[in-house]
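For reference, start-v2.cif is printed below; it contains mmCIF, C-alpha atoms.
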data_input
#
loop_
_atom_site.label_atom_id
_atom_site.label_comp_id
_atom_site.auth_asym_id
_atom_site.auth_seq_id
_atom_site.Cartn_x
_atom_site.Cartn_y
_atom_site.Cartn_z
CA GLY B 1 63.29 -11.67 -4.99
CA ALA B 2 63.41 -11.92 -1.19
CA VAL B 3 60.27 -13.98 -0.77
CA VAL B 4 59.40 -15.54 2.55
CA SER B 5 56.66 -18.13 2.89
CA GLN B 6 54.84 -19.34 5.95
CA HIS B 7 52.79 -22.45 6.45
CA PRO B 8 50.06 -22.88 7.46
CA SER B 9 48.37 -19.55 6.91
CA ARG B 10 45.62 -20.40 9.32
CA VAL B 11 45.24 -23.08 11.94
CA ILE B 12 42.57 -23.92 14.46
CA CYS B 13 43.42 -26.42 17.17
CA LYS B 14 42.15 -27.76 20.45
CA SER B 15 43.58 -26.62 23.73
CA GLY B 16 46.50 -28.78 24.79
CA THR B 17 47.72 -29.68 21.35
CA SER B 18 50.97 -28.52 19.74
CA VAL B 19 51.15 -26.56 16.54
CA LYS B 20 54.12 -26.20 14.21
CA ILE B 21 54.55 -23.20 11.94
CA GLU B 22 57.12 -23.20 9.15
CA CYS B 23 58.95 -20.19 7.79
CA ARG B 24 60.95 -20.50 4.57
CA SER B 25 63.07 -18.07 2.62
CA LEU B 26 62.38 -19.09 -0.97
CA ASP B 27 65.02 -17.31 -2.99
CA PHE B 28 67.75 -16.40 -0.57
CA GLN B 29 69.63 -17.86 2.34
CA ALA B 30 68.81 -16.39 5.70
CA THR B 31 71.26 -16.90 8.51
CA THR B 32 68.88 -15.08 10.80
CA MET B 33 65.13 -15.36 11.04
CA PHE B 34 62.79 -13.69 13.48
CA TRP B 35 59.48 -14.65 15.01
CA TYR B 36 56.91 -12.04 15.94
CA ARG B 37 53.53 -12.14 17.55
CA GLN B 38 50.79 -9.65 16.81
CA PHE B 39 47.54 -9.30 18.73
CA PRO B 40 44.56 -7.66 16.99
CA LYS B 41 45.11 -3.97 16.31
CA GLN B 42 48.46 -4.02 18.04
CA SER B 43 52.05 -3.83 16.97
CA LEU B 44 54.45 -6.63 16.23
CA MET B 45 56.26 -7.94 19.26
CA LEU B 46 59.51 -9.77 18.71
CA MET B 47 59.45 -13.19 20.33
CA ALA B 48 62.81 -14.60 19.36
CA THR B 49 65.74 -14.40 16.99
CA SER B 50 66.60 -17.64 15.25
CA ASN B 51 70.09 -18.29 13.95
CA GLU B 52 70.88 -21.22 11.72
CA GLY B 53 72.63 -23.98 13.58
CA SER B 54 72.38 -22.44 17.02
CA LYS B 55 69.88 -21.93 19.77
CA ALA B 56 67.33 -19.21 19.41
CA THR B 57 67.56 -16.05 21.46
CA TYR B 58 64.30 -15.31 23.20
CA GLU B 59 63.01 -11.92 24.24
CA GLN B 60 62.28 -11.24 27.85
CA GLY B 61 59.01 -12.75 28.95
CA VAL B 62 58.79 -15.31 26.15
CA GLU B 63 58.76 -18.89 27.44
CA LYS B 64 61.39 -21.00 25.70
CA ASP B 65 59.66 -24.26 26.52
CA LYS B 66 56.36 -22.96 25.27
CA PHE B 67 57.60 -21.62 21.95
CA LEU B 68 60.17 -24.00 20.51
CA ILE B 69 62.22 -22.65 17.64
CA ASN B 70 64.36 -24.72 15.32
CA HIS B 71 66.45 -23.19 12.55
CA ALA B 72 67.57 -26.34 10.82
CA SER B 73 68.82 -24.85 7.57
CA LEU B 74 69.57 -21.54 5.91
CA THR B 75 66.08 -21.47 4.44
CA LEU B 76 63.87 -22.95 7.13
CA SER B 77 62.91 -22.02 10.66
CA THR B 78 60.06 -23.57 12.60
CA LEU B 79 58.07 -22.34 15.57
CA THR B 80 56.23 -24.92 17.63
CA VAL B 81 53.62 -23.71 20.08
CA THR B 82 53.51 -26.50 22.64
CA SER B 83 50.41 -27.34 24.63
CA ALA B 84 48.57 -24.43 23.13
CA HIS B 85 45.91 -22.59 25.11
CA PRO B 86 43.33 -20.00 24.07
CA GLU B 87 45.59 -17.17 25.22
CA ASP B 88 48.14 -18.30 22.61
CA SER B 89 45.68 -17.39 19.89
CA SER B 90 47.35 -14.71 17.84
CA PHE B 91 48.87 -13.78 14.50
CA TYR B 92 52.41 -15.14 14.23
CA ILE B 93 54.72 -13.62 11.63
CA CYS B 94 58.22 -14.66 10.70
CA SER B 95 60.83 -12.63 8.90
CA ALA B 96 64.19 -13.34 7.36
CA ARG B 97 67.22 -11.10 7.25
CA ASP B 98 68.52 -10.79 3.74
CA GLY B 99 71.80 -8.98 4.35
CA GLY B 100 71.18 -6.84 1.30
CA ARG B 101 71.38 -3.15 0.60
CA PHE B 102 69.44 -2.14 3.68
CA ASP B 103 69.83 -5.42 5.54
CA GLU B 104 66.10 -5.33 5.95
CA GLN B 105 63.82 -8.06 7.10
CA PHE B 106 61.42 -9.64 4.67
CA PHE B 107 58.26 -10.92 6.23
CA GLY B 108 56.20 -13.99 5.67
CA PRO B 109 52.44 -13.68 5.16
CA GLY B 110 51.72 -14.70 8.76
CA THR B 111 49.88 -17.54 10.46
CA ARG B 112 46.66 -16.97 12.32
CA LEU B 113 46.42 -19.39 15.21
CA THR B 114 43.13 -19.97 16.97
CA VAL B 115 43.10 -22.24 20.00
CA LEU B 116 39.69 -23.43 21.09
CA ALA H 1 60.47 4.77 27.48
CA GLN H 2 59.05 4.08 24.07
CA LYS H 3 61.74 3.71 21.47
CA ILE H 4 59.41 4.23 18.53
CA THR H 5 56.37 6.45 18.85
CA GLN H 6 53.58 6.81 16.35
CA THR H 7 51.11 9.29 17.76
CA GLN H 8 48.41 8.94 15.10
CA PRO H 9 46.25 5.86 15.68
CA GLY H 10 44.30 6.65 12.51
CA MET H 11 44.35 9.04 9.59
CA PHE H 12 41.98 9.90 6.77
CA VAL H 13 43.13 11.26 3.44
CA GLN H 14 41.34 12.05 0.22
CA GLU H 15 42.37 10.14 -2.85
CA LYS H 16 45.13 11.90 -4.82
CA GLU H 17 46.18 14.01 -1.86
CA ALA H 18 49.41 13.69 0.10
CA VAL H 19 49.54 12.46 3.68
CA THR H 20 52.22 12.48 6.36
CA LEU H 21 52.47 9.73 8.95
CA ASP H 22 54.46 10.68 12.01
CA CYS H 23 57.20 8.70 13.69
CA THR H 24 59.61 9.70 16.42
CA TYR H 25 62.33 7.53 17.86
CA ASP H 26 64.68 7.38 20.77
CA THR H 27 68.14 5.87 20.74
CA SER H 28 71.60 6.61 22.04
CA ASP H 29 73.26 4.51 19.35
CA PRO H 30 74.82 6.78 16.71
CA SER H 31 74.27 4.12 14.06
CA TYR H 32 70.72 3.03 13.38
CA GLY H 33 68.24 2.47 10.60
CA LEU H 34 64.64 3.45 10.25
CA PHE H 35 62.09 1.47 8.27
CA TRP H 36 58.51 1.90 7.23
CA TYR H 37 56.32 -1.11 6.58
CA LYS H 38 52.78 -1.35 5.25
CA GLN H 39 50.41 -4.01 6.54
CA PRO H 40 47.19 -4.45 4.54
CA SER H 41 44.22 -6.26 6.05
CA SER H 42 45.59 -9.53 4.68
CA GLY H 43 48.38 -9.29 7.25
CA GLU H 44 51.62 -9.39 5.32
CA MET H 45 54.26 -6.78 6.10
CA ILE H 46 55.47 -4.91 3.04
CA PHE H 47 58.75 -3.00 3.18
CA LEU H 48 58.36 0.55 1.90
CA ILE H 49 61.40 2.67 2.61
CA TYR H 50 64.61 2.86 4.60
CA GLN H 51 66.65 5.70 6.10
CA GLY H 52 70.07 5.20 7.62
CA SER H 53 71.24 7.44 10.42
CA TYR H 54 74.22 8.62 8.40
CA ASP H 55 72.34 9.17 5.18
CA GLN H 56 72.65 12.80 4.14
CA GLN H 57 69.57 12.86 1.96
CA ASN H 58 66.01 11.94 2.70
CA ALA H 59 65.07 8.56 1.28
CA THR H 60 62.57 8.35 -1.57
CA GLU H 61 60.93 5.34 -3.19
CA GLY H 62 58.34 6.18 -5.79
CA ARG H 63 55.39 7.86 -4.06
CA TYR H 64 56.98 7.33 -0.65
CA SER H 65 59.44 9.72 0.89
CA LEU H 66 60.87 9.96 4.34
CA ASN H 67 61.17 13.31 6.07
CA PHE H 68 64.19 12.61 8.25
CA GLN H 69 64.94 15.20 10.91
CA LYS H 70 67.78 13.76 12.89
CA ALA H 71 68.02 16.46 15.53
CA ARG H 72 64.34 16.06 16.30
CA LYS H 73 64.60 12.27 16.05
CA SER H 74 61.73 12.09 13.67
CA ALA H 75 61.25 10.03 10.52
CA ASN H 76 57.89 10.87 9.04
CA LEU H 77 56.56 8.99 6.03
CA VAL H 78 55.06 11.07 3.25
CA ILE H 79 52.79 9.37 0.75
CA SER H 80 52.07 11.49 -2.28
CA ALA H 81 49.04 11.15 -4.55
CA SER H 82 47.23 8.72 -2.27
CA GLN H 83 45.47 5.79 -3.85
CA LEU H 84 42.65 3.63 -2.51
CA GLY H 85 45.09 0.74 -2.30
CA ASP H 86 47.16 2.69 0.20
CA SER H 87 44.54 2.04 2.87
CA ALA H 88 46.38 -0.09 5.41
CA MET H 89 48.23 -0.09 8.70
CA TYR H 90 51.63 1.59 8.57
CA PHE H 91 54.42 0.75 10.98
CA CYS H 92 57.61 2.64 11.68
CA ALA H 93 60.49 0.51 12.92
CA MET H 94 64.05 1.03 14.08
CA ARG H 95 67.14 -1.13 14.00
CA GLU H 96 69.85 -0.11 16.42
CA GLY H 97 73.33 -0.70 15.11
CA SER H 98 74.78 -0.59 11.64
CA ILE H 99 73.88 -2.55 8.55
CA GLY H 100 75.35 -6.02 8.77
CA GLY H 101 75.83 -5.80 12.49
CA ALA H 102 75.40 -8.75 14.77
CA THR H 103 72.08 -7.51 16.02
CA ASN H 104 69.37 -6.80 13.52
CA LYS H 105 66.34 -6.64 15.77
CA LEU H 106 63.55 -4.33 14.74
CA ILE H 107 61.55 -2.34 17.24
CA PHE H 108 58.13 -1.41 15.94
CA GLY H 109 55.85 1.48 16.71
CA THR H 110 52.17 0.99 17.43
CA GLY H 111 51.16 1.81 13.89
CA THR H 112 48.88 4.24 12.09
CA LEU H 113 45.78 3.07 10.29
CA LEU H 114 45.41 5.03 7.06
CA ALA H 115 42.08 5.23 5.28
CA VAL H 116 42.03 6.70 1.80
CA GLN H 117 38.67 8.11 0.85
CA PRO H 118 37.45 8.36 -2.75
#
Represent the structure of the file as structure tokens.
Amino acid sequence: GAVVSQHPSRVICKSGTSVKIECRSLDFQATTMFWYRQFPKQSLMLMATSNEGSKATYEQGVEKDKFLINHASLTLSTLTVTSAHPEDSSFYICSARDGGRFDEQFFGPGTRLTVL
Amino acid sequence: AQKITQTQPGMFVQEKEAVTLDCTYDTSDPSYGLFWYKQPSSGEMIFLIYQGSYDQQNATEGRYSLNFQKARKSANLVISASQLGDSAMYFCAMREGSIGGATNKLIFGTGTLLAVQP
């Protein structure tokens, strides 16, 4: 149980285009999902906390208009990188809170974004 | 100040031997949780083990155990009988607040890259 999927796993796009990444909890309902960004050989940095039916809470320094988050249902959250630029190239990982024994986060497999 | 510190950027261990990955943390919240995740080269984050701040005993999950020293604010991961498949990046993370609390943010350390040698 507690499986989280992410789509796409890899995307290459031109500078200036927008990219949407989907995060789904497949076998549980997640009232809270999280979006992280990870640069090569670095740690995960939390970008925002996404709560179903409400606006996302962004971490300091993360541009809300740049990284649009929509948590439309208890099993789906989307991250849209708007007008992507090469510096947005990174590994984006979502996670979902399962509220279980340890209330841990289960992570998706990640999306590698390359902006040319 | 760093809330989660992993001082070992990389570690080598021989197959079948035990290895300890260090993690220290800093919080003033009396209720918190500590997690260890494994990240293979494929990128997914795999949950390994959890220790709550009020847990009296050290957590164990199969070959993984957590050496929790609350006074020292350390939560070291011990992997026994290392296997080649254990080669990966290992992250220590902390959640401030209790299980089920309103905030469930995780703060991650910088990670330790473990290489298991045959």
Which residue, B:Tyr58, B:Phe67, B:Phe34, B:Phe39, has the smallest gap to chain H when you use only C-alpha atoms?
B:Phe34
Residue by residue, what does the PyMOL selection byres ((chain H) within 9 of (chain B)) grab here? Present the result as a PyMOL selection string.
chain H and resi 33+35+42-47+50-52+91+99-100+104-111
Could you tell me which residues the PyMOL selection byres ((chain B and resi 8-18) around 8) returns for this structure, as a count of residues only?
21
Thr24 of chain H surroundings by all atoms listed in the file, 6 Å radius, close-in-sequence under 5 positions cut, as a ChimeraX atom specification
/H:4-5,73-74
Kindly resolve the PyMOL selection byres ((chain H and resi 21) around 9) on the present coordinates and return the residues as a tab-separated table (two decimals) with C-alpha atoms, in the frame of the given file.
chain	number	residue	atom	x	y	z
H	6	GLN	CA	53.58	6.81	16.35
H	7	THR	CA	51.11	9.29	17.76
H	8	GLN	CA	48.41	8.94	15.10
H	11	MET	CA	44.35	9.04	9.59
H	19	VAL	CA	49.54	12.46	3.68
H	20	THR	CA	52.22	12.48	6.36
H	22	ASP	CA	54.46	10.68	12.01
H	23	CYS	CA	57.20	8.70	13.69
H	75	ALA	CA	61.25	10.03	10.52
H	76	ASN	CA	57.89	10.87	9.04
H	77	LEU	CA	56.56	8.99	6.03
H	78	VAL	CA	55.06	11.07	3.25
H	79	ILE	CA	52.79	9.37	0.75
H	90	TYR	CA	51.63	1.59	8.57
H	112	THR	CA	48.88	4.24	12.09
H	114	LEU	CA	45.41	5.03	7.06
For Ser80 of chain H, which residue out of H:Ser28, H:Asn58, H:Glu15, H:Arg63 is the nearest one, using all atoms listed in the file?
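Of H:Ser28, H:Asn58, H:Glu15, H:Arg63, the one nearest Ser80 of chain H, counting all atoms listed in the file, is H:Arg63.
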For each of B:Lys66, B:Ala30, B:Ser25, B:Val3, take the minimum atom-to-atom distance to Leu79 of chain B, counting only C-alpha atoms, then give the residue where this is smallest.
B:Lys66
In Å to one decimal, how far is atom CA of Asp26 of chain H from atom CA of Thr31 of chain B?
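If I compute the distance from atom CA of Thr31 of chain B to atom CA of Asp26 of chain H, I get 28.0 Å.
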